[in-house]
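The structure appears below as structure tokens.
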Amino acid sequence: MITCGIDIGSVTAKGVIMDENNLLATTIQFTGYNAGTAGETVLQKLLGQAGLKREQIVALIATGYGRNSVDFADKTLSEIICHGAGAHFAIPTARTVIDIGGQDSKVILLSDAGQVLNFVMNDKCAAGTGRFLEVMARALETDLDGFGQLSLKGSTPAAISSTCTVFAESEVISLVAKGESRENIIAGIHRSIAARTVAMANRVGLIPDIVMTGGVSRNIGVIQALEKLLNLPVTVPENAQLTGAIGAALLAQRAPNVA
Amino acid sequence: MNPTEIIEQFRIAVRDPFGTARTIREGQNRPVVGYTCTYFPEEIVLAAGAHPFRLFGKSTVMLKTDAHIQAYGCSLARAVFEDALSGELDFLDVMAFPHSCDTMQRLSDIWRLNIKNTVHLDLLFPVHLKSEAAQDYMEAVLERFRKGMEQVFQVDISKDAMQNAISLMNRIRASLTALYKLRAAHSASISGSDLSHVVQGAMILDRLEVADKLEALVSALKGTHTPTRTAPAKRVLLSGSVCLHPDIHTIIEEQGGAVAWDDLCTGSRYFDVQVPEDLPPIPAIAKRFLNRAICPAKHGGTTRRGGDLLKLISTHRIDGVIFLFLKFCDPHGFDYPDLKTALETAGIPTLFLEVETGKPVDGPTRTRVETFLQILNQREAAL
């Protein structure tokens, strides 16, 4: 059965076409201001890549914060359900999924069978999310791609006490003024994100194996900071950023009343 | 009148509570007594010829309150006080504060010092409802309030007037209970949003009108009900203080669920348990307050609220509980961990949802509610 999953995040729109467990096409692009248009573009790119026509897609599920703007979807599901399914598919032993995206972060608890048992989301602010990292990168005049590697060179992570993005930016600027190295500041930023995520995870309980998904999973500095605080390995699946879209496509293969 | 027309009258009252109260005051020449909590003896106000009027806080932008109440005070107390400071509540003849939580108690003090054009009364009820003195204590507070009403309005409140008011409020409680039972049995009979508006409106509109309308609504819904759902809905219970977000009902219903019952002070805690009509009025009202569903600002034993919730879950075959937490509400915040543990031990999934009055349901809140319902759906599929 050929299915499609489209995950419209706050920063990026992701999509996959799957035939059972095989990925036929994948795409990632910026969402922009119009989530509906982004969804349409993602679908066209996927169809072109896979050489398929729309009518060959048996079922299409939209997920992510912009899911309700994808008016051509057969069904919408929350990104928590889809990330759970996607993470279980990628790593069947996964019991805890840490998903940090552009504007929110979530910890999802899975059963052995990959069913979502419980979850917790961050509060209504950008603290500890991809947006937080973007703001910090701007303050430190660097780009996000180099952020993770730079932090690994930090010998002593700087103390970042604020969890609020705006206050943390002020704190970073103060550290720069004091002459703290950029590497240590970035390592401190990653530690503060990790601390916030672990505190959130403790609200639902945390069971290994731990898997990380979402855009921030591309940042090796955050992964290592998490592993250090948890004293447990954190695995990042091969297509971590596509986890929600893959989950949506997999769930689309089930009977419509399952999820 | 058909159900939609009746429900619309309650919706209008919720949309324009102050206009509704002004109409009652001017049209019926009846003084209006504002109050903030369901531990309030509306019967005594009615017996005094006045109109009891529940305040839910309409203001969404706080221009004056910040000078009096800290930003981390609950949004309900802050909105109610902003309404008062901005002159929206000038029609109130009396403002009564039942001692519920510390925030409301402090709001009472701030109100007394700053709002000069209404008579201010406190009802300092007992907190420990299981103590031997609770009934006497409760009666003494109610008697004091009765005398306060007589003094303020220069009336003698007769026993007959009290009995009539009790009968009237019992009619309202009976109809609201019937409506809840109707919805619990057939979720399609009335939407959760409509029912939420009906309960709120019942605390705003003229009570005689409410009693008549509710009886008509129950009768009309019983007569017209035709089951429309093919699959049984996931049955959710809402627990918390106020729910002024009917959108939450809609999101739940969009996901194939339904709020089958609630434990809210804008819901079942308003009408739970009748006032016994075979007892003298004051002891009878006191008895109801001791026996009705307890709120976390009162103490009835360390396991009473958890026990009550589990009973509601069993009676109404609840699949999951959403704790609707009004941000900065200490009493509910302190109760939550124990309630969550009690429910999880019993295998009942829960969701903690933080809300504020005056702020719409946003995207992340929608995601939380949708996910919770999808988890309930997956659970069923896995069984």
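Following the order of the structure tokens, first chain is A, next is B, and so on, with residues numbered from 1 inside each chain and ligands from 1 in the order they appear.
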Counting only C-alpha atoms, what are the residues of chain B within 6 Å of chain A, and for each of them which pair of atoms is the nearest and at what distance in Å, to one decimal? Sort the table by chain and rising number, as a tab-separated table.
```
residue	atom	partner	partner_atom	distance
B:Thr367	CA	A:Ser78	CA	6.0
B:Thr371	CA	A:Ser78	CA	5.6
B:Gln374	CA	A:Ala259	CA	5.9
B:Gln378	CA	A:Ala259	CA	5.4
B:Ala381	CA	A:Val258	CA	5.8
```
Can you write out the residues you just picked, keeping C-alpha atoms, as a compact mmCIF listing (two decimals), in the first residue's frame?
```txt
# COMPACT_ATOMS: atom_id res chain seq x y z
CA THR B 367 -2.29 19.39 20.04
CA THR B 371 -3.08 13.66 21.20
CA GLN B 374 -5.77 9.76 19.91
CA GLN B 378 -5.10 3.70 20.23
CA ALA B 381 -7.46 -0.55 19.22
```
Do you know which residues are at most 10 Å from Gln253 in chain A counting only C-alpha atoms, after dropping those on the same chain fewer than 5 positions away, and could you put them as a PyMOL selection string? chain A and resi 1-4+18-21+58-61+248+258
Sel. of strand (DSSP E) residues, range 21-91 of chain B, as a ChimeraX atom specification: /B:32-35,51-54
Grab the residues selected above and save them as a PDB file, in the first residue's frame with N, CA and C atoms.
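Output file result-v8.pdb is given in full below:
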```
ATOM      1  N   VAL B  32     -28.796  43.249  42.836  1.00  0.00           N
ATOM      2  CA  VAL B  32     -27.942  42.158  42.338  1.00  0.00           C
ATOM      3  C   VAL B  32     -26.801  41.909  43.333  1.00  0.00           C
ATOM      4  N   VAL B  33     -26.605  40.631  43.663  1.00  0.00           N
ATOM      5  CA  VAL B  33     -25.538  40.230  44.592  1.00  0.00           C
ATOM      6  C   VAL B  33     -24.510  39.401  43.822  1.00  0.00           C
ATOM      7  N   GLY B  34     -23.321  39.943  43.668  1.00  0.00           N
ATOM      8  CA  GLY B  34     -22.264  39.231  42.952  1.00  0.00           C
ATOM      9  C   GLY B  34     -21.574  38.226  43.858  1.00  0.00           C
ATOM     10  N   TYR B  35     -21.102  37.124  43.285  1.00  0.00           N
ATOM     11  CA  TYR B  35     -20.340  36.147  44.059  1.00  0.00           C
ATOM     12  C   TYR B  35     -19.343  35.431  43.149  1.00  0.00           C
ATOM     13  N   HIS B  51     -31.023  39.159  43.355  1.00  0.00           N
ATOM     14  CA  HIS B  51     -30.606  38.270  42.272  1.00  0.00           C
ATOM     15  C   HIS B  51     -29.147  37.849  42.465  1.00  0.00           C
ATOM     16  N   PRO B  52     -28.895  36.537  42.633  1.00  0.00           N
ATOM     17  CA  PRO B  52     -27.498  36.082  42.753  1.00  0.00           C
ATOM     18  C   PRO B  52     -26.837  36.019  41.377  1.00  0.00           C
ATOM     19  N   PHE B  53     -25.620  36.535  41.303  1.00  0.00           N
ATOM     20  CA  PHE B  53     -24.965  36.702  39.999  1.00  0.00           C
ATOM     21  C   PHE B  53     -23.507  36.266  40.097  1.00  0.00           C
ATOM     22  N   ARG B  54     -23.186  35.147  39.436  1.00  0.00           N
ATOM     23  CA  ARG B  54     -21.817  34.613  39.502  1.00  0.00           C
ATOM     24  C   ARG B  54     -20.897  35.398  38.560  1.00  0.00           C
TER      25      ARG B  54
END
```
Counting only C-alpha atoms, what is within 9 Å of range 87-95 of chain B, bar same-chain residues fewer than 3 positions away, as a PyMOL selection string? chain B and resi 18+21-22+25+31-36+53+82-84+108+111+117-122+152
What's the 7 Å shell around range 207-223 of chain A, counting only C-alpha atoms, without same-chain residues fewer than 3 positions away, as a tab-separated table (two decimals) with N, CA and C atoms, in the first residue's frame?
```
chain	number	residue	atom	x	y	z
A	93	THR	N	13.24	-0.72	19.73
A	93	THR	CA	13.41	-0.79	21.19
A	93	THR	C	13.18	0.56	21.86
A	94	ALA	N	12.85	1.58	21.07
A	94	ALA	CA	12.65	2.92	21.65
A	94	ALA	C	11.48	2.93	22.62
A	95	ARG	N	11.69	3.46	23.83
A	95	ARG	CA	10.59	3.60	24.79
A	95	ARG	C	10.36	5.06	25.15
A	96	THR	N	11.40	5.88	24.94
A	96	THR	CA	11.23	7.32	25.20
A	96	THR	C	11.72	8.08	23.98
A	97	VAL	N	10.86	8.99	23.50
A	97	VAL	CA	11.24	9.81	22.34
A	97	VAL	C	11.36	11.26	22.81
A	98	ILE	N	12.52	11.85	22.56
A	98	ILE	CA	12.69	13.28	22.83
A	98	ILE	C	12.63	13.97	21.48
A	99	ASP	N	11.61	14.79	21.29
A	99	ASP	CA	11.44	15.47	20.01
A	99	ASP	C	11.58	16.96	20.24
A	100	ILE	N	12.64	17.54	19.73
A	100	ILE	CA	12.80	19.00	19.86
A	100	ILE	C	12.75	19.61	18.47
A	101	GLY	N	11.71	20.39	18.26
A	101	GLY	CA	11.51	21.00	16.95
A	101	GLY	C	11.75	22.49	17.01
A	102	GLY	N	11.21	23.19	16.02
A	102	GLY	CA	11.46	24.62	15.90
A	102	GLY	C	10.82	25.44	17.00
A	130	GLY	N	14.28	24.74	19.03
A	130	GLY	CA	15.12	25.14	17.91
A	130	GLY	C	15.18	26.66	17.77
A	148	GLY	N	26.74	22.73	16.88
A	148	GLY	CA	27.00	21.49	17.61
A	148	GLY	C	28.48	21.20	17.73
A	149	GLN	N	29.18	21.27	16.59
A	149	GLN	CA	30.62	20.96	16.59
A	149	GLN	C	31.39	21.94	17.45
A	151	SER	N	30.46	23.50	20.08
A	151	SER	CA	30.27	23.27	21.52
A	151	SER	C	31.15	22.13	22.03
A	152	LEU	N	31.47	21.17	21.13
A	152	LEU	CA	32.29	20.04	21.57
A	152	LEU	C	33.71	20.49	21.92
A	187	ALA	N	28.39	25.49	24.60
A	187	ALA	CA	28.26	24.26	25.41
A	187	ALA	C	27.31	24.51	26.58
A	190	HIS	N	23.74	24.45	25.30
A	190	HIS	CA	23.28	23.08	25.08
A	190	HIS	C	22.97	22.39	26.40
A	194	ALA	N	19.42	20.79	27.56
A	194	ALA	CA	19.37	19.40	28.04
A	194	ALA	C	18.73	19.34	29.43
A	226	LEU	N	22.65	15.89	26.61
A	226	LEU	CA	21.56	15.04	27.12
A	226	LEU	C	22.12	13.73	27.68
A	227	GLU	N	23.01	13.12	26.92
A	227	GLU	CA	23.58	11.83	27.36
A	227	GLU	C	24.32	11.98	28.69
A	233	PRO	N	22.67	6.41	26.84
A	233	PRO	CA	22.85	6.77	25.43
A	233	PRO	C	21.56	7.32	24.81
A	234	VAL	N	21.72	8.28	23.91
A	234	VAL	CA	20.58	8.82	23.17
A	234	VAL	C	20.83	8.53	21.70
A	235	THR	N	19.93	7.77	21.09
A	235	THR	CA	20.11	7.37	19.69
A	235	THR	C	19.35	8.31	18.76
A	236	VAL	N	20.00	8.66	17.68
A	236	VAL	CA	19.33	9.49	16.67
A	236	VAL	C	19.13	8.63	15.42
A	240	ALA	N	16.08	11.29	11.23
A	240	ALA	CA	15.47	11.83	12.45
A	240	ALA	C	14.47	12.96	12.16
A	241	GLN	N	14.83	13.84	11.24
A	241	GLN	CA	13.96	14.99	10.98
A	241	GLN	C	12.67	14.57	10.27
A	243	THR	N	11.01	11.81	11.05
A	243	THR	CA	10.32	10.82	11.89
A	243	THR	C	8.80	11.02	11.92
```
Hey, what's within 12 Å of Gly223 in chain B if we count only C-alpha atoms and toss same-chain stuff fewer than 6 positions away? As a short mmCIF file (atom, residue, chain, number, x, y, z; two decimals) with N, CA and C atoms, in the first residue's frame, please?
```
data_model
loop_
_atom_site.label_atom_id
_atom_site.label_comp_id
_atom_site.auth_asym_id
_atom_site.auth_seq_id
_atom_site.Cartn_x
_atom_site.Cartn_y
_atom_site.Cartn_z
N ASN B 2 -37.84 25.39 20.73
CA ASN B 2 -37.01 24.20 20.51
C ASN B 2 -35.69 24.30 21.29
N PRO B 3 -34.98 23.17 21.44
CA PRO B 3 -33.75 23.18 22.25
C PRO B 3 -32.74 24.25 21.82
N LEU B 182 -28.51 12.92 30.68
CA LEU B 182 -28.93 12.75 29.28
C LEU B 182 -27.72 12.72 28.37
N SER B 189 -26.97 14.14 22.24
CA SER B 189 -28.22 14.85 22.56
C SER B 189 -27.99 16.34 22.74
N ALA B 216 -37.94 22.87 30.40
CA ALA B 216 -38.38 22.79 29.00
C ALA B 216 -37.30 22.13 28.14
N LEU B 217 -36.04 22.46 28.43
CA LEU B 217 -34.93 21.91 27.64
C LEU B 217 -34.80 20.40 27.85
#
```
Mind checking DSSP for range 118-306 of chain B and telling me the helix (DSSP H, G or I) residues as a PyMOL selection string? chain B and resi 134-153+159-185+192-202+207-224+246-254+268-271+281-291+304-306
Go ahead and write the residues just picked, C-alpha atoms, as a compact mmCIF listing (two decimals), in the first residue's frame.
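Below is the file that was written, again-v2.txt:
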```
# COMPACT_ATOMS: atom_id res chain seq x y z
CA ALA B 134 -18.40 21.90 60.75
CA GLN B 135 -22.23 21.75 60.64
CA ASP B 136 -22.67 24.29 63.47
CA TYR B 137 -19.91 26.48 62.08
CA MET B 138 -21.45 26.40 58.59
CA GLU B 139 -24.91 27.21 59.99
CA ALA B 140 -23.53 30.16 61.96
CA VAL B 141 -21.89 31.62 58.83
CA LEU B 142 -25.08 31.15 56.81
CA GLU B 143 -27.20 32.72 59.56
CA ARG B 144 -24.86 35.68 59.71
CA PHE B 145 -25.16 36.10 55.93
CA ARG B 146 -28.97 35.85 56.18
CA LYS B 147 -28.98 38.66 58.71
CA GLY B 148 -26.57 40.61 56.51
CA MET B 149 -28.98 40.34 53.59
CA GLU B 150 -31.89 41.46 55.80
CA GLN B 151 -29.90 44.45 56.98
CA VAL B 152 -28.62 45.51 53.58
CA PHE B 153 -31.98 45.22 51.82
CA LYS B 159 -39.13 30.83 56.46
CA ASP B 160 -41.57 30.49 53.56
CA ALA B 161 -39.38 32.64 51.35
CA MET B 162 -36.40 30.45 52.25
CA GLN B 163 -38.35 27.25 51.54
CA ASN B 164 -39.51 28.64 48.18
CA ALA B 165 -35.96 29.61 47.24
CA ILE B 166 -34.69 26.17 48.22
CA SER B 167 -37.40 24.53 46.10
CA LEU B 168 -36.52 26.77 43.16
CA MET B 169 -32.80 26.00 43.39
CA ASN B 170 -33.56 22.28 43.81
CA ARG B 171 -35.57 22.45 40.57
CA ILE B 172 -32.54 23.96 38.82
CA ARG B 173 -30.18 21.37 40.33
CA ALA B 174 -32.52 18.55 39.34
CA SER B 175 -32.76 19.76 35.74
CA LEU B 176 -29.01 20.29 35.39
CA THR B 177 -28.44 16.78 36.77
CA ALA B 178 -30.99 15.44 34.28
CA LEU B 179 -29.22 17.25 31.42
CA TYR B 180 -25.86 15.82 32.46
CA LYS B 181 -27.33 12.33 32.69
CA LEU B 182 -28.93 12.75 29.28
CA ARG B 183 -25.60 13.72 27.78
CA ALA B 184 -23.77 10.94 29.64
CA ALA B 185 -26.21 8.45 28.13
CA GLY B 192 -20.48 19.79 25.40
CA SER B 193 -20.09 23.43 24.46
CA ASP B 194 -23.87 23.98 24.67
CA LEU B 195 -24.10 22.25 28.03
CA SER B 196 -21.18 24.28 29.37
CA HIS B 197 -22.97 27.49 28.32
CA VAL B 198 -26.20 26.29 29.90
CA VAL B 199 -24.58 25.73 33.32
CA GLN B 200 -22.79 29.07 33.22
CA GLY B 201 -25.91 30.85 32.03
CA ALA B 202 -27.85 29.29 34.92
CA ARG B 207 -33.39 31.80 38.51
CA LEU B 208 -37.12 31.36 37.99
CA GLU B 209 -36.57 31.79 34.27
CA VAL B 210 -33.66 29.32 34.50
CA ALA B 211 -35.76 26.68 36.26
CA ASP B 212 -38.52 26.95 33.64
CA LYS B 213 -36.14 26.98 30.68
CA LEU B 214 -34.14 24.02 31.99
CA GLU B 215 -37.25 21.92 32.52
CA ALA B 216 -38.38 22.79 29.00
CA LEU B 217 -34.93 21.91 27.64
CA VAL B 218 -34.80 18.54 29.40
CA SER B 219 -38.24 17.69 28.15
CA ALA B 220 -37.47 18.83 24.59
CA LEU B 221 -34.18 16.90 24.43
CA LYS B 222 -35.75 13.75 25.82
CA GLY B 223 -38.44 13.98 23.16
CA THR B 224 -36.22 14.67 20.18
CA PRO B 246 -15.97 25.68 25.32
CA ASP B 247 -13.49 25.10 22.45
CA ILE B 248 -12.01 22.24 24.49
CA HIS B 249 -15.33 20.40 24.20
CA THR B 250 -15.31 20.98 20.46
CA ILE B 251 -11.75 19.64 20.01
CA ILE B 252 -12.65 16.54 22.03
CA GLU B 253 -15.77 16.01 19.92
CA GLU B 254 -13.83 16.50 16.66
CA SER B 268 -21.36 19.55 38.31
CA ARG B 269 -20.05 21.07 41.56
CA TYR B 270 -22.62 23.84 41.08
CA PHE B 271 -25.58 21.49 41.20
CA PRO B 281 -33.64 26.06 55.78
CA ILE B 282 -30.29 27.12 57.26
CA PRO B 283 -29.29 23.66 58.59
CA ALA B 284 -30.48 22.19 55.28
CA ILE B 285 -28.26 24.49 53.17
CA ALA B 286 -25.35 23.82 55.54
CA LYS B 287 -25.88 20.09 55.14
CA ARG B 288 -25.71 20.37 51.36
CA PHE B 289 -22.43 22.29 51.54
CA LEU B 290 -20.94 19.56 53.71
CA ASN B 291 -22.16 16.73 51.49
CA ARG B 304 -11.91 12.21 49.47
CA ARG B 305 -11.36 14.03 46.17
CA GLY B 306 -9.50 11.07 44.65
```
Neighbouring residues of Thr302 in chain B were defined as those with any atom within 12 Å, considering only C-alpha atoms; residues of the same chain fewer than 6 positions away were excluded. Please report them as a list in words.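 The filter keeps His128, Leu129, Lys130, Ile294, Pro296, Asp308, Phe334, Asp335, Asp338, Leu339 and Ala342 of chain B.
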Applying 10 Å and only C-alpha atoms, which residues near range 59-69 of chain B remain after dropping the ones on its own chain fewer than 6 positions away? List them as a ChimeraX atom specification. /B:75-86,88,103,106-107,110-111,114,356-359
Could you state the separation of CA of Ile12 in chain B and CA of Phe56 in chain B in Å, given to one decimal place?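 Separating CA of Ile12 in chain B from CA of Phe56 in chain B is a distance of 14.7 Å.
With CA of Ala139 in chain A on one side and CA of Val176 in chain A on the other, the separation reads 9.4 Å.
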Interatomic distance (Å, one decimal) between CA of Ser10 in chain A and CA of Ile186 in chain A: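 Separating CA of Ser10 in chain A from CA of Ile186 in chain A is a distance of 23.3 Å.
Comparing the minimum interatomic distances between Ser105 in chain A and each of A:Ala252, A:Ala50, A:Ala127, A:Ala199, counting only C-alpha atoms, we find that A:Ala127 sits nearest.
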